[in-house]
Amino acid sequence: MKDTNTCPHCRQRNPLENSQCSYCAQRIILPSRGTVAIWRLGPVREGLLGILARTVSDALHVPCVIQPALIDERPSLRPTWKGISANVFLRQTHARSKKGEVASLGVTEKNIVPSASYNFLFGYAYLGLPAATASIHPLSQDNPSEHVLAERLLKIALHELGHSLGLDHHDYEEEIDCLMVGDADIDCTETIDQGNIRFCPACLSEVRRKLQPRH
């Protein structure tokens with residue numbers, strides 16, 4: 001199925017290259033050079049996105065842009081998986097990356113899964129690929145407060161963006177206080193809540209090196 005962007009104003013679908021809607025002429029893609037561009041797959045609560053954009057910007061010291069257009073859900077929908085394909089969602093997010101961006105971050109309220117045999121993922125990224133995704137769905141199943149949910153989403157988003165900037169996991173056994181601690185086999189909301197919201201000095205140094213302006 002062809003991937004498209006949905007205009008938030010008239011709900012019509014547009015080709016990925018359109019910065020203005022072909023139907024209502026509203027701006028649907030904002031300039032994003034030097035930024036983390038945040039994309040939504042389906043509707044996402046606005047207040048949470050605003051907090052995410054501000055805190056990611058503060059953490060990485062780069063601007064964040066929330067793109068008005070919505071990623072078309074249809075290519076990634078997997079009804080028999082009870083969610084959306086994490087691989088397709090990541091590919092869709094990466095397809096929207098522009099030259100000069102720090103990374104593109106896809107956020108969704110839907111459940112993301114890598115296959116029919118897995119129940120959920122908090123987020124998904126490939127090492128060094130300038131795109132990452134995060135799902136609010138598994139972070140909100142215990143009805144956390146807005147503050148707790150926002151902090152969980154920020155941790156997942158920064159963790160996955162860390163992968164996009166080339167950072168790998170620290171094992172829990174290393175006992176390092178860092179956002180990049182992770183193990184897919186035991187991750188749960190409790191480990192997210194207990195984990196750090198900052199990079200360790202070594203990871204932070206690598207992030208700053210990657211984000212250093214090149215002349």
# chains A, B, ... in the order shown; residues from 1 in each chain; ligands from 1

call {"tool": "closest_atom_pairs", "arguments": {"of": "range 34-101 of chain A", "to": "range 141-158 of chain A", "cutoff": "12 Å", "atoms": "only C-alpha atoms", "output": "Markdown table"}}
result
| residue | atom | partner | partner_atom | distance |
| --- | --- | --- | --- | --- |
| A:Val36 | CA | A:Leu158 | CA | 10.9 |
| A:Ile38 | CA | A:Ala157 | CA | 10.3 |
| A:Arg45 | CA | A:Ala150 | CA | 11.0 |
| A:Glu46 | CA | A:Ala150 | CA | 11.6 |
| A:Gly47 | CA | A:Ala150 | CA | 9.4 |
| A:Leu48 | CA | A:Ala150 | CA | 6.2 |
| A:Leu49 | CA | A:Ala150 | CA | 8.7 |
| A:Gly50 | CA | A:Ala150 | CA | 9.9 |
| A:Ile51 | CA | A:Ala150 | CA | 7.0 |
| A:Leu52 | CA | A:Leu154 | CA | 6.0 |
| A:Ala53 | CA | A:Leu154 | CA | 9.1 |
| A:Arg54 | CA | A:Leu154 | CA | 10.0 |
| A:Thr55 | CA | A:Leu154 | CA | 7.3 |
| A:Val56 | CA | A:Leu158 | CA | 6.9 |
| A:Ser57 | CA | A:Leu158 | CA | 10.2 |
| A:Asp58 | CA | A:Leu158 | CA | 11.1 |
| A:Ala59 | CA | A:Leu158 | CA | 8.3 |
| A:Leu60 | CA | A:Leu158 | CA | 8.7 |

call {"tool": "write_last_selection", "arguments": {"atoms": "N, CA and C atoms", "output": "compact mmCIF listing (two decimals), in the first residue's frame"}}
result
# COMPACT_ATOMS: atom_id res chain seq x y z
N VAL A 36 15.17 17.67 15.58
CA VAL A 36 14.49 16.38 15.68
C VAL A 36 13.06 16.63 15.23
N ILE A 38 9.34 15.45 14.88
CA ILE A 38 8.42 14.51 15.50
C ILE A 38 7.21 14.30 14.59
N ARG A 45 -2.26 12.70 21.68
CA ARG A 45 -2.67 13.81 22.56
C ARG A 45 -1.65 14.94 22.51
N GLU A 46 -2.15 16.15 22.24
CA GLU A 46 -1.30 17.30 21.94
C GLU A 46 -0.44 17.71 23.14
N GLY A 47 -1.03 17.71 24.35
CA GLY A 47 -0.27 18.15 25.50
C GLY A 47 0.97 17.31 25.73
N LEU A 48 0.85 16.01 25.52
CA LEU A 48 1.97 15.09 25.70
C LEU A 48 3.05 15.35 24.66
N LEU A 49 2.65 15.63 23.43
CA LEU A 49 3.62 15.92 22.38
C LEU A 49 4.40 17.19 22.68
N GLY A 50 3.70 18.19 23.19
CA GLY A 50 4.37 19.45 23.52
C GLY A 50 5.44 19.26 24.58
N ILE A 51 5.11 18.49 25.62
CA ILE A 51 6.09 18.19 26.67
C ILE A 51 7.27 17.42 26.07
N LEU A 52 6.96 16.43 25.24
CA LEU A 52 8.02 15.63 24.62
C LEU A 52 8.96 16.50 23.80
N ALA A 53 8.41 17.37 22.97
CA ALA A 53 9.24 18.22 22.12
C ALA A 53 10.15 19.11 22.95
N ARG A 54 9.60 19.71 24.00
CA ARG A 54 10.42 20.61 24.83
C ARG A 54 11.54 19.86 25.55
N THR A 55 11.23 18.70 26.10
CA THR A 55 12.22 18.00 26.90
C THR A 55 13.28 17.32 26.03
N VAL A 56 12.91 16.81 24.86
CA VAL A 56 13.90 16.26 23.94
C VAL A 56 14.84 17.37 23.48
N SER A 57 14.28 18.54 23.19
CA SER A 57 15.09 19.68 22.78
C SER A 57 16.07 20.07 23.88
N ASP A 58 15.60 20.10 25.12
CA ASP A 58 16.48 20.45 26.25
C ASP A 58 17.57 19.40 26.45
N ALA A 59 17.21 18.12 26.30
CA ALA A 59 18.17 17.04 26.54
C ALA A 59 19.27 16.98 25.48
N LEU A 60 18.90 17.20 24.22
CA LEU A 60 19.86 17.08 23.12
C LEU A 60 20.43 18.42 22.67

call {"tool": "select_by_dssp", "arguments": {"residues": "range 21-180 of chain A", "states": "helix (DSSP H, G or I)", "output": "PyMOL selection string"}}
result
chain A and resi 46-60+74-76+79-81+86-95+137-139+146-164+172-174

call {"tool": "closest_residue", "arguments": {"among": "A:Gly106, A:Gly182, A:Gly128, A:Gly123", "to": "Pro43 in chain A", "atoms": "only C-alpha atoms"}}
result
A:Gly106

call {"tool": "residues_around", "arguments": {"residues": "Arg74 in chain A", "least_positions_apart": "2", "cutoff": "10 Å", "atoms": "only C-alpha atoms", "output": "NGL selection string"}}
result
:A and (1-4 or 41-42 or 71-72 or 76-78 or 84)

call {"tool": "atom_distance", "arguments": {"atom1": "CA of Cys24 in chain A", "atom2": "CA of Thr6 in chain A"}}
result
11.8 Å

call {"tool": "residues_around", "arguments": {"residues": "Val113 in chain A", "least_positions_apart": "3", "cutoff": "7 Å", "atoms": "only C-alpha atoms", "output": "count of residues only"}}
result
8

call {"tool": "closest_residue", "arguments": {"among": "A:Ala134, A:Ile28, A:Val181, A:Val207", "to": "Val107 in chain A", "atoms": "only C-alpha atoms"}}
result
A:Ala134

call {"tool": "select_by_dssp", "arguments": {"residues": "range 80-127 of chain A", "states": "strand (DSSP E)", "output": "list of chain:residue names"}}
result
A:Gly83, A:Ile84, A:Ser85, A:Ala103, A:Ser104, A:Leu105, A:Gly106, A:Val107, A:Thr108, A:Ile112, A:Val113, A:Gly123, A:Tyr124, A:Ala125

call {"tool": "atom_distance", "arguments": {"atom1": "CA of Lys98 in chain A", "atom2": "CA of Cys200 in chain A"}}
result
28.8 Å

call {"tool": "closest_residue", "arguments": {"among": "A:Ala95, A:Val102, A:Leu139, A:Leu30", "to": "Arg208 in chain A", "atoms": "only C-alpha atoms"}}
result
A:Val102

call {"tool": "closest_residue", "arguments": {"among": "A:Ser205, A:Thr93, A:Asn18, A:Gln194", "to": "Trp39 in chain A", "atoms": "only C-alpha atoms"}}
result
A:Thr93

call {"tool": "residues_around", "arguments": {"residues": "Ile176 in chain A", "least_positions_apart": "4", "cutoff": "10 Å", "atoms": "only C-alpha atoms", "output": "tab-separated table (two decimals) with C-alpha atoms, in the first residue's frame"}}
result
chain	number	residue	atom	x	y	z
A	170	HIS	CA	24.30	-1.00	28.61
A	171	ASP	CA	23.41	-4.27	30.32
A	172	TYR	CA	21.67	-4.09	33.68
A	180	MET	CA	20.78	3.45	27.47
A	181	VAL	CA	20.43	0.62	29.99
A	196	ASN	CA	17.57	7.19	34.73
A	199	PHE	CA	22.68	9.75	29.57
A	200	CYS	CA	25.78	8.64	31.43

call {"tool": "residues_around", "arguments": {"residues": "Leu211 in chain A", "least_positions_apart": "4", "cutoff": "12 Å", "atoms": "only C-alpha atoms", "output": "PyMOL selection string"}}
result
chain A and resi 34-36+59-63+100-103+161-162+164-166+204-207

call {"tool": "closest_residue", "arguments": {"among": "A:Arg198, A:Arg40, A:Lys110, A:His159", "to": "Gln92 in chain A", "atoms": "only C-alpha atoms"}}
result
A:Arg40

call {"tool": "closest_residue", "arguments": {"among": "A:Arg13, A:His169, A:Arg33, A:Lys82", "to": "His137 in chain A", "atoms": "only C-alpha atoms"}}
result
A:Lys82
